[in-house]
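Enquirer: Got protein-v9.pdb for you, PDB, C-alpha atoms:
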MODEL        1
ATOM      1  CA  MET M   1     -23.006  11.751 -31.267
ATOM      2  CA  THR M   2     -23.092  13.493 -27.870
ATOM      3  CA  ALA M   3     -20.042  15.675 -27.288
ATOM      4  CA  LEU M   4     -17.740  14.255 -24.637
ATOM      5  CA  PRO M   5     -16.321  16.383 -21.808
ATOM      6  CA  SER M   6     -12.626  17.180 -21.791
ATOM      7  CA  LEU M   7     -10.584  14.062 -21.080
ATOM      8  CA  ARG M   8      -7.875  16.178 -19.451
ATOM      9  CA  GLY M   9     -10.537  17.823 -17.309
ATOM     10  CA  LEU M  10     -11.927  14.469 -16.219
ATOM     11  CA  GLN M  11      -8.395  13.371 -15.370
ATOM     12  CA  ALA M  12      -7.914  16.508 -13.256
ATOM     13  CA  PHE M  13     -11.214  15.888 -11.453
ATOM     14  CA  GLU M  14     -10.390  12.227 -10.768
ATOM     15  CA  ALA M  15      -6.938  13.049  -9.393
ATOM     16  CA  ALA M  16      -8.273  15.851  -7.181
ATOM     17  CA  ALA M  17     -11.226  13.819  -5.894
ATOM     18  CA  ARG M  18      -9.115  10.723  -5.233
ATOM     19  CA  SER M  19      -6.329  12.623  -3.461
ATOM     20  CA  GLY M  20      -8.647  15.088  -1.747
ATOM     21  CA  SER M  21      -6.555  18.065  -2.846
ATOM     22  CA  PHE M  22      -6.099  20.273  -5.899
ATOM     23  CA  ALA M  23      -2.443  20.690  -4.917
ATOM     24  CA  ALA M  24      -1.863  16.922  -4.799
ATOM     25  CA  ALA M  25      -3.614  16.525  -8.152
ATOM     26  CA  ALA M  26      -1.395  19.255  -9.582
ATOM     27  CA  ASP M  27       1.744  17.421  -8.430
ATOM     28  CA  GLU M  28       0.482  14.167  -9.920
ATOM     29  CA  LEU M  29      -0.363  15.746 -13.279
ATOM     30  CA  SER M  30       2.664  18.092 -13.357
ATOM     31  CA  ILE M  31       0.555  21.212 -13.748
ATOM     32  CA  SER M  32      -0.386  24.070 -11.413
ATOM     33  CA  ALA M  33      -3.213  23.949  -8.885
ATOM     34  CA  ALA M  34      -4.816  26.845 -10.762
ATOM     35  CA  ALA M  35      -4.757  24.784 -13.956
ATOM     36  CA  VAL M  36      -6.417  21.863 -12.109
ATOM     37  CA  SER M  37      -9.134  24.210 -10.871
ATOM     38  CA  GLN M  38      -9.723  25.619 -14.372
ATOM     39  CA  LEU M  39      -9.859  22.185 -15.983
ATOM     40  CA  ILE M  40     -12.465  21.057 -13.457
ATOM     41  CA  ARG M  41     -14.544  24.208 -13.985
ATOM     42  CA  THR M  42     -14.495  23.492 -17.722
ATOM     43  CA  VAL M  43     -15.762  19.940 -17.177
ATOM     44  CA  GLU M  44     -18.481  21.216 -14.843
ATOM     45  CA  GLU M  45     -19.623  23.664 -17.529
ATOM     46  CA  GLN M  46     -19.540  20.990 -20.249
ATOM     47  CA  MET M  47     -21.579  18.572 -18.119
ATOM     48  CA  SER M  48     -23.800  21.225 -16.516
ATOM     49  CA  ARG M  49     -23.144  19.575 -13.164
ATOM     50  CA  LYS M  50     -21.253  20.800 -10.132
ATOM     51  CA  LEU M  51     -18.612  18.285  -9.039
ATOM     52  CA  PHE M  52     -17.181  20.164  -6.060
ATOM     53  CA  HIS M  53     -18.616  22.517  -3.477
ATOM     54  CA  ARG M  54     -16.130  25.334  -2.901
ATOM     55  CA  VAL M  55     -16.416  26.534   0.713
ATOM     56  CA  ASN M  56     -13.842  28.721   2.494
ATOM     57  CA  ARG M  57     -10.886  27.531   0.392
ATOM     58  CA  ARG M  58     -11.997  23.922   0.817
ATOM     59  CA  VAL M  59     -13.522  21.671  -1.815
ATOM     60  CA  VAL M  60     -16.014  18.919  -1.044
ATOM     61  CA  LEU M  61     -17.431  16.442  -3.536
ATOM     62  CA  THR M  62     -21.032  16.948  -4.567
ATOM     63  CA  GLU M  63     -23.374  14.000  -4.955
ATOM     64  CA  ALA M  64     -22.582  13.973  -8.683
ATOM     65  CA  GLY M  65     -18.853  13.966  -7.903
ATOM     66  CA  VAL M  66     -19.207  11.055  -5.477
ATOM     67  CA  GLU M  67     -21.074   9.101  -8.145
ATOM     68  CA  MET M  68     -18.497   9.782 -10.854
ATOM     69  CA  LEU M  69     -15.275   9.152  -8.930
ATOM     70  CA  PRO M  70     -15.166   5.315  -8.735
ATOM     71  CA  ARG M  71     -16.245   4.951 -12.357
ATOM     72  CA  LEU M  72     -13.582   7.350 -13.585
ATOM     73  CA  THR M  73     -10.894   5.737 -11.418
ATOM     74  CA  LEU M  74     -11.711   2.348 -12.943
ATOM     75  CA  ALA M  75     -11.827   3.841 -16.455
ATOM     76  CA  PHE M  76      -8.416   5.521 -16.142
ATOM     77  CA  ARG M  77      -6.964   2.320 -14.685
ATOM     78  CA  GLU M  78      -8.167   0.419 -17.754
ATOM     79  CA  ILE M  79      -6.825   3.106 -20.085
ATOM     80  CA  GLY M  80      -3.464   2.866 -18.332
ATOM     81  CA  SER M  81      -3.418  -0.888 -18.886
ATOM     82  CA  ILE M  82      -4.150  -0.423 -22.593
ATOM     83  CA  ALA M  83      -1.426   2.203 -22.894
ATOM     84  CA  ARG M  84       1.110  -0.201 -21.389
ATOM     85  CA  GLY M  85       0.183  -2.795 -23.996
ATOM     86  CA  SER M  86      -1.833  -5.997 -23.882
ATOM     87  CA  ASP M  87       1.019  -7.938 -22.292
ATOM     88  CA  ALA M  88       0.901  -5.618 -19.296
ATOM     89  CA  PHE M  89      -2.842  -6.062 -18.690
ATOM     90  CA  ARG M  90      -3.765  -8.105 -15.632
ATOM     91  CA  PRO M  91      -7.311  -8.240 -14.305
ATOM     92  CA  ARG M  92      -7.767  -6.760 -10.836
ATOM     93  CA  LEU M  93     -10.089  -7.969  -8.097
ATOM     94  CA  VAL M  94     -10.857  -6.139  -4.847
ATOM     95  CA  VAL M  95     -12.088  -8.578  -2.189
ATOM     96  CA  SER M  96     -13.375  -7.470   1.212
ATOM     97  CA  VAL M  97     -13.883  -9.932   4.075
ATOM     98  CA  PRO M  98     -14.027  -9.758   7.897
ATOM     99  CA  PRO M  99     -10.572  -9.126   9.430
ATOM    100  CA  SER M 100     -10.250 -12.619  10.957
ATOM    101  CA  MET M 101     -10.929 -14.185   7.571
ATOM    102  CA  ALA M 102      -8.352 -12.012   5.838
ATOM    103  CA  MET M 103      -5.672 -12.817   8.447
ATOM    104  CA  GLY M 104      -5.832 -16.555   8.064
ATOM    105  CA  TRP M 105      -8.651 -18.465   6.465
ATOM    106  CA  LEU M 106      -8.820 -16.771   3.074
ATOM    107  CA  SER M 107      -5.166 -15.769   2.788
ATOM    108  CA  GLU M 108      -4.196 -19.431   3.208
ATOM    109  CA  ARG M 109      -6.501 -20.473   0.360
ATOM    110  CA  LEU M 110      -5.937 -17.775  -2.257
ATOM    111  CA  ALA M 111      -3.032 -19.649  -3.826
ATOM    112  CA  GLY M 112      -5.520 -22.282  -4.968
ATOM    113  CA  PHE M 113      -7.631 -19.717  -6.791
ATOM    114  CA  VAL M 114      -4.619 -18.058  -8.423
ATOM    115  CA  ALA M 115      -3.261 -21.433  -9.534
ATOM    116  CA  SER M 116      -6.526 -22.304 -11.283
ATOM    117  CA  HIS M 117      -7.310 -18.888 -12.777
ATOM    118  CA  GLY M 118      -3.927 -17.521 -13.849
ATOM    119  CA  ALA M 119      -2.336 -14.132 -13.263
ATOM    120  CA  VAL M 120      -4.629 -11.748 -11.458
ATOM    121  CA  ASP M 121      -4.028  -8.773  -9.175
ATOM    122  CA  ILE M 122      -6.013  -9.298  -5.971
ATOM    123  CA  SER M 123      -6.430  -6.663  -3.307
ATOM    124  CA  LEU M 124      -7.473  -8.485  -0.128
ATOM    125  CA  ARG M 125      -9.056  -6.212   2.478
ATOM    126  CA  GLY M 126      -9.941  -7.096   6.067
ATOM    127  CA  ASP M 127     -12.859  -4.792   6.893
ATOM    128  CA  ASP M 128     -15.557  -4.448   9.510
ATOM    129  CA  ASP M 129     -19.033  -3.586   8.302
ATOM    130  CA  PRO M 130     -20.074  -1.325   6.723
ATOM    131  CA  VAL M 131     -17.612  -1.084   3.844
ATOM    132  CA  PRO M 132     -17.416   1.774   1.259
ATOM    133  CA  PHE M 133     -18.072  -0.190  -1.947
ATOM    134  CA  ASP M 134     -17.717   2.669  -4.414
ATOM    135  CA  ARG M 135     -14.942   4.648  -2.754
ATOM    136  CA  GLU M 136     -12.698   1.564  -2.519
ATOM    137  CA  LEU M 137     -13.974  -0.067  -5.744
ATOM    138  CA  ILE M 138     -14.801  -3.287  -3.871
ATOM    139  CA  ASP M 139     -15.874  -6.072  -6.237
ATOM    140  CA  ILE M 140     -17.053  -8.667  -3.747
ATOM    141  CA  ARG M 141     -17.774  -8.584  -0.008
ATOM    142  CA  LEU M 142     -18.236 -11.518   2.367
ATOM    143  CA  SER M 143     -19.974 -10.479   5.578
ATOM    144  CA  PHE M 144     -21.730 -11.979   8.567
ATOM    145  CA  GLY M 145     -25.367 -11.039   8.104
ATOM    146  CA  PRO M 146     -27.193  -9.134   5.326
ATOM    147  CA  HIS M 147     -25.775  -5.626   5.701
ATOM    148  CA  TYR M 148     -26.038  -4.308   2.139
ATOM    149  CA  ARG M 149     -29.597  -4.288   0.861
ATOM    150  CA  GLU M 150     -28.724  -1.496  -1.596
ATOM    151  CA  HIS M 151     -26.549  -4.002  -3.507
ATOM    152  CA  PRO M 152     -27.366  -7.517  -4.768
ATOM    153  CA  SER M 153     -26.623  -9.937  -1.888
ATOM    154  CA  GLU M 154     -27.065 -13.647  -1.352
ATOM    155  CA  GLU M 155     -26.981 -15.974   1.639
ATOM    156  CA  ILE M 156     -24.315 -18.622   1.056
ATOM    157  CA  VAL M 157     -23.833 -20.618   4.260
ATOM    158  CA  ARG M 158     -24.885 -20.874   7.905
ATOM    159  CA  ASP M 159     -22.382 -21.653  10.626
ATOM    160  CA  ALA M 160     -22.193 -22.482  14.325
ATOM    161  CA  VAL M 161     -19.721 -21.997  17.174
ATOM    162  CA  TYR M 162     -17.877 -24.930  18.735
ATOM    163  CA  PRO M 163     -15.907 -25.189  21.991
ATOM    164  CA  VAL M 164     -12.384 -26.117  20.864
ATOM    165  CA  CYS M 165      -8.999 -26.412  22.557
ATOM    166  CA  ALA M 166      -5.556 -27.961  22.150
ATOM    167  CA  PRO M 167      -5.510 -31.767  22.580
ATOM    168  CA  GLU M 168      -3.361 -31.647  25.707
ATOM    169  CA  LEU M 169      -5.974 -29.619  27.603
ATOM    170  CA  THR M 170      -8.655 -32.284  27.425
ATOM    171  CA  ALA M 171      -6.286 -34.776  29.038
ATOM    172  CA  LYS M 172      -6.271 -32.673  32.207
ATOM    173  CA  THR M 173      -9.976 -32.842  32.955
ATOM    174  CA  ASP M 174     -13.161 -34.483  31.754
ATOM    175  CA  SER M 175     -15.220 -31.353  32.403
ATOM    176  CA  LEU M 176     -15.199 -28.259  30.234
ATOM    177  CA  ALA M 177     -16.123 -26.225  33.310
ATOM    178  CA  GLY M 178     -12.707 -27.024  34.721
ATOM    179  CA  LEU M 179     -10.808 -25.577  31.760
ATOM    180  CA  PRO M 180      -9.713 -21.941  31.285
ATOM    181  CA  LEU M 181     -11.968 -20.029  28.923
ATOM    182  CA  ILE M 182     -11.019 -17.778  26.013
ATOM    183  CA  HIS M 183     -13.546 -15.019  25.362
ATOM    184  CA  THR M 184     -13.986 -13.247  22.052
ATOM    185  CA  ASP M 185     -15.018  -9.639  21.619
ATOM    186  CA  TRP M 186     -16.884 -10.114  18.366
ATOM    187  CA  GLY M 187     -16.910  -6.421  17.512
ATOM    188  CA  PRO M 188     -19.834  -4.519  15.926
ATOM    189  CA  THR M 189     -21.822  -7.722  15.271
ATOM    190  CA  GLY M 190     -21.217  -9.036  18.781
ATOM    191  CA  ALA M 191     -24.866  -9.231  19.767
ATOM    192  CA  SER M 192     -25.429 -11.919  17.136
ATOM    193  CA  PHE M 193     -22.718 -14.273  18.414
ATOM    194  CA  PRO M 194     -23.158 -16.657  21.364
ATOM    195  CA  SER M 195     -21.121 -15.924  24.480
ATOM    196  CA  TRP M 196     -19.782 -18.456  26.934
ATOM    197  CA  ARG M 197     -22.727 -17.670  29.204
ATOM    198  CA  THR M 198     -25.066 -18.572  26.328
ATOM    199  CA  TRP M 199     -23.207 -21.819  25.770
ATOM    200  CA  PHE M 200     -23.294 -22.880  29.428
ATOM    201  CA  GLU M 201     -27.014 -22.116  29.642
ATOM    202  CA  ALA M 202     -27.675 -24.189  26.510
ATOM    203  CA  ALA M 203     -25.646 -27.042  28.020
ATOM    204  CA  GLY M 204     -27.607 -26.878  31.280
ATOM    205  CA  ILE M 205     -24.443 -26.147  33.257
ATOM    206  CA  GLU M 206     -24.218 -23.534  35.982
ATOM    207  CA  PRO M 207     -21.295 -21.379  34.812
ATOM    208  CA  GLY M 208     -20.615 -19.643  38.103
ATOM    209  CA  ARG M 209     -17.863 -17.059  38.150
ATOM    210  CA  THR M 210     -15.745 -18.912  35.599
ATOM    211  CA  VAL M 211     -17.825 -17.446  32.790
ATOM    212  CA  GLN M 212     -16.244 -14.051  33.463
ATOM    213  CA  ARG M 213     -12.658 -15.230  33.860
ATOM    214  CA  GLY M 214      -9.916 -16.127  31.415
ATOM    215  CA  LEU M 215      -8.280 -14.611  28.376
ATOM    216  CA  SER M 216     -10.053 -12.280  25.976
ATOM    217  CA  ALA M 217      -9.296 -11.496  22.320
ATOM    218  CA  ASN M 218     -10.794  -8.899  20.008
ATOM    219  CA  SER M 219     -10.945 -11.124  16.928
ATOM    220  CA  SER M 220     -11.999 -14.663  16.086
ATOM    221  CA  ARG M 221      -8.582 -15.395  14.627
ATOM    222  CA  ALA M 222      -6.736 -14.264  17.744
ATOM    223  CA  ALA M 223      -9.013 -16.359  19.981
ATOM    224  CA  LEU M 224      -8.382 -19.393  17.782
ATOM    225  CA  ASP M 225      -4.612 -18.885  17.960
ATOM    226  CA  LEU M 226      -4.796 -18.706  21.760
ATOM    227  CA  ALA M 227      -6.690 -21.992  21.812
ATOM    228  CA  ILE M 228      -4.142 -23.650  19.508
ATOM    229  CA  SER M 229      -1.412 -22.456  21.890
ATOM    230  CA  GLY M 230      -3.042 -24.414  24.704
ATOM    231  CA  LEU M 231      -4.167 -21.414  26.738
ATOM    232  CA  GLY M 232      -7.827 -22.356  27.004
ATOM    233  CA  VAL M 233     -11.085 -23.246  25.294
ATOM    234  CA  ALA M 234     -12.478 -20.911  22.641
ATOM    235  CA  LEU M 235     -15.912 -20.683  21.068
ATOM    236  CA  ALA M 236     -14.899 -20.750  17.412
ATOM    237  CA  GLN M 237     -16.892 -20.545  14.208
ATOM    238  CA  GLY M 238     -16.766 -23.734  12.211
ATOM    239  CA  ILE M 239     -15.545 -21.921   9.113
ATOM    240  CA  TYR M 240     -12.392 -20.932  11.005
ATOM    241  CA  CYS M 241     -11.665 -23.955  13.192
ATOM    242  CA  ALA M 242     -12.448 -26.844  10.802
ATOM    243  CA  GLY M 243      -8.944 -26.859   9.291
ATOM    244  CA  ALA M 244      -7.195 -26.968  12.682
ATOM    245  CA  LEU M 245      -9.532 -29.764  13.815
ATOM    246  CA  GLU M 246      -8.766 -31.761  10.677
ATOM    247  CA  LEU M 247      -5.019 -31.370  11.308
ATOM    248  CA  GLY M 248      -5.334 -32.366  14.970
ATOM    249  CA  ARG M 249      -4.143 -28.980  16.234
ATOM    250  CA  LEU M 250      -7.488 -28.580  17.985
ATOM    251  CA  VAL M 251     -10.109 -30.956  19.370
ATOM    252  CA  ARG M 252     -13.746 -30.514  20.276
ATOM    253  CA  ALA M 253     -13.880 -29.898  24.037
ATOM    254  CA  ASN M 254     -17.598 -30.705  24.066
ATOM    255  CA  ALA M 255     -20.081 -31.994  21.517
ATOM    256  CA  LEU M 256     -22.535 -29.114  21.976
ATOM    257  CA  SER M 257     -22.485 -26.435  19.285
ATOM    258  CA  ILE M 258     -24.700 -23.367  18.941
ATOM    259  CA  ALA M 259     -25.991 -22.227  15.568
ATOM    260  CA  LEU M 260     -25.311 -18.611  14.632
ATOM    261  CA  ARG M 261     -28.363 -16.428  14.207
ATOM    262  CA  GLN M 262     -27.372 -15.011  10.846
ATOM    263  CA  PRO M 263     -25.835 -16.458   7.669
ATOM    264  CA  TYR M 264     -22.673 -15.463   5.857
ATOM    265  CA  CYS M 265     -23.626 -13.369   2.839
ATOM    266  CA  LEU M 266     -21.938 -12.347  -0.398
ATOM    267  CA  THR M 267     -22.514  -8.881  -1.827
ATOM    268  CA  ILE M 268     -21.458  -7.921  -5.358
ATOM    269  CA  PRO M 269     -22.231  -4.401  -6.638
ATOM    270  CA  GLU M 270     -23.861  -4.208 -10.045
ATOM    271  CA  ARG M 271     -20.788  -2.593 -11.653
ATOM    272  CA  SER M 272     -18.833  -5.820 -10.909
ATOM    273  CA  ALA M 273     -21.543  -8.459 -11.364
ATOM    274  CA  ARG M 274     -20.918  -9.042 -15.097
ATOM    275  CA  ARG M 275     -17.167  -9.520 -14.840
ATOM    276  CA  ASP M 276     -16.080 -13.094 -15.527
ATOM    277  CA  LEU M 277     -13.333 -12.886 -12.911
ATOM    278  CA  VAL M 278     -15.805 -11.814 -10.223
ATOM    279  CA  ALA M 279     -18.155 -14.656 -11.142
ATOM    280  CA  ALA M 280     -15.295 -17.159 -10.980
ATOM    281  CA  PHE M 281     -14.159 -15.875  -7.581
ATOM    282  CA  ARG M 282     -17.719 -15.935  -6.275
ATOM    283  CA  ASN M 283     -18.150 -19.600  -7.214
ATOM    284  CA  TRP M 284     -14.758 -20.541  -5.762
ATOM    285  CA  LEU M 285     -15.356 -18.660  -2.506
ATOM    286  CA  ILE M 286     -18.791 -20.192  -1.978
ATOM    287  CA  GLU M 287     -17.336 -23.673  -2.473
ATOM    288  CA  GLU M 288     -14.518 -23.000   0.007
ATOM    289  CA  CYS M 289     -16.957 -21.679   2.629
ATOM    290  CA  ARG M 290     -19.289 -24.641   2.260
ATOM    291  CA  ARG M 291     -16.406 -27.096   2.377
ATOM    292  CA  SER M 292     -15.203 -25.647   5.686
ATOM    293  CA  VAL M 293     -18.603 -25.411   7.365
ATOM    294  CA  GLY M 294     -19.526 -28.876   6.085
ATOM    295  CA  SER M 295     -16.317 -30.554   7.307
ATOM    296  CA  PRO M 296     -16.935 -34.024   8.845
ATOM    297  CA  VAL M 297     -15.019 -32.961  12.003
ATOM    298  CA  LEU M 298     -17.854 -30.544  12.776
ATOM    299  CA  GLY M 299     -20.581 -33.170  12.443
TER     300      GLY M 299
ENDMDL
END
How would this structure read if it were set down as structure tokens?

Expert:
Amino acid sequence: MTALPSLRGLQAFEAAARSGSFAAAADELSISAAAVSQLIRTVEEQMSRKLFHRVNRRVVLTEAGVEMLPRLTLAFREIGSIARGSDAFRPRLVVSVPPSMAMGWLSERLAGFVASHGAVDISLRGDDDPVPFDRELIDIRLSFGPHYREHPSEEIVRDAVYPVCAPELTAKTDSLAGLPLIHTDWGPTGASFPSWRTWFEAAGIEPGRTVQRGLSANSSRAALDLAISGLGVALAQGIYCAGALELGRLVRANALSIALRQPYCLTIPERSARRDLVAAFRNWLIEECRRSVGSPVLG
């Protein structure tokens, strides 16, 4: 049987790499910084691999160290659960989605997943692309477009944008051109989303100067909230606005929608792909996305 490196040394490495400091690792482990350094040197000798570059009193993870850190963090987390006893063990799931989805759409639905799958610790992250899968131990990522070809990804649904507003706004005019517009700064993926100018051109309407006027928000969720408040018409993705349309909080200001150029994709790193909890969440999330995008109010 191959000799294993020092468990205490691995623990010292994981604490130092995670915290970014030998001193912080020493405080966590209740030993001296010199002891942390010696433990790590011992592990490096046992594994014949450098884990840190030591440069001018600073330490930087080597490629081997970067590779080891997330695996050791997960391993020590599992060991901690075992040490606390089987009754203390709760599976953990790290889910990363676009910020607008985390702020409303998914957070409003998670109770349904928890109710059907029992006690589970879920870390919900609202992230822009790209996300650090290994550093943050992300189990599943929903993104707009295929950003992560180094991990297994799948296209799950295609969406469109719809001009939507509060019901009282449509009573004031029969022309969308006469309503105040809400613009969305889509962020890093902005080039892939239709603008109001794109919508007016597709509708065969001369936008004039109105296409540059109105409110502006830096997230899809914020733009949708402004529309619900009656402040104007927003171009909203179906996945986000379907629920408000079903409840009557929003109405379609015009029948014309514009398909998005890219699909929503799910990415699951190989280290998480075989976990039953990840598979269950994947299936549930795909169903929720398809239910929203396929809502009859968007037809």

Enquirer: Considering all atoms listed in the file, return as an MDAnalysis selection string whatever protein or nucleic-acid residues lie within 12 Å of stretch 73-82 of chain M, sequence-local ones (same chain, fewer than 6 positions apart) excluded.

Expert: chainID M and resid 7:8 10:19 65:67 88:94 134:139 271:272

Enquirer: Identify all residues satisfying the PyMOL selection byres ((chain M and resi 159) around 12) in the given file; provide them as number ranges by chain.

Expert: M: 144-145, 155-158, 160-162, 193-194, 236-242, 257-265, 289-295, 298-299

Enquirer: Measuring atom to atom with only C-alpha atoms, identify which of M:Phe113, M:Tyr148, M:Phe133, M:Trp199 is nearest to M:Ala280.

Expert: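 Nearest to M:Ala280: M:Phe113.
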
Enquirer: Name the closest residue to M:Gly248 among the candidates M:Val43, M:Leu106, M:Leu277, M:Ile228; distances are taken between atoms, counting all atoms listed in the file.

Expert: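 Ranked by minimum distance to M:Gly248, first place goes to M:Ile228.
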
Enquirer: For a quick check of understanding, using all atoms listed in the file, which of M:Arg141, M:Arg213, M:His117, M:Arg249 has the smallest distance to M:Cys165?

Expert: M:Arg249

Enquirer: Would you please work out which residue, of M:Ala217, M:Val164, M:Val36, M:Ile140, is nearest to M:Asp185 when using all atoms listed in the file?

Expert: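 Under the stated criterion, the closest residue is M:Ala217.
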
Enquirer: Would you compute the distance between atom CA of M:Ile286 and atom CA of M:Leu142? Give it in Å to one decimal.

Expert: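 Computing the Euclidean distance for atom CA of M:Ile286 and atom CA of M:Leu142 yields 9.7 Å.
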
Enquirer: Atom CA of M:Leu29 to atom CA of M:Val60: how many Å, to one decimal?

Expert: 20.1 Å
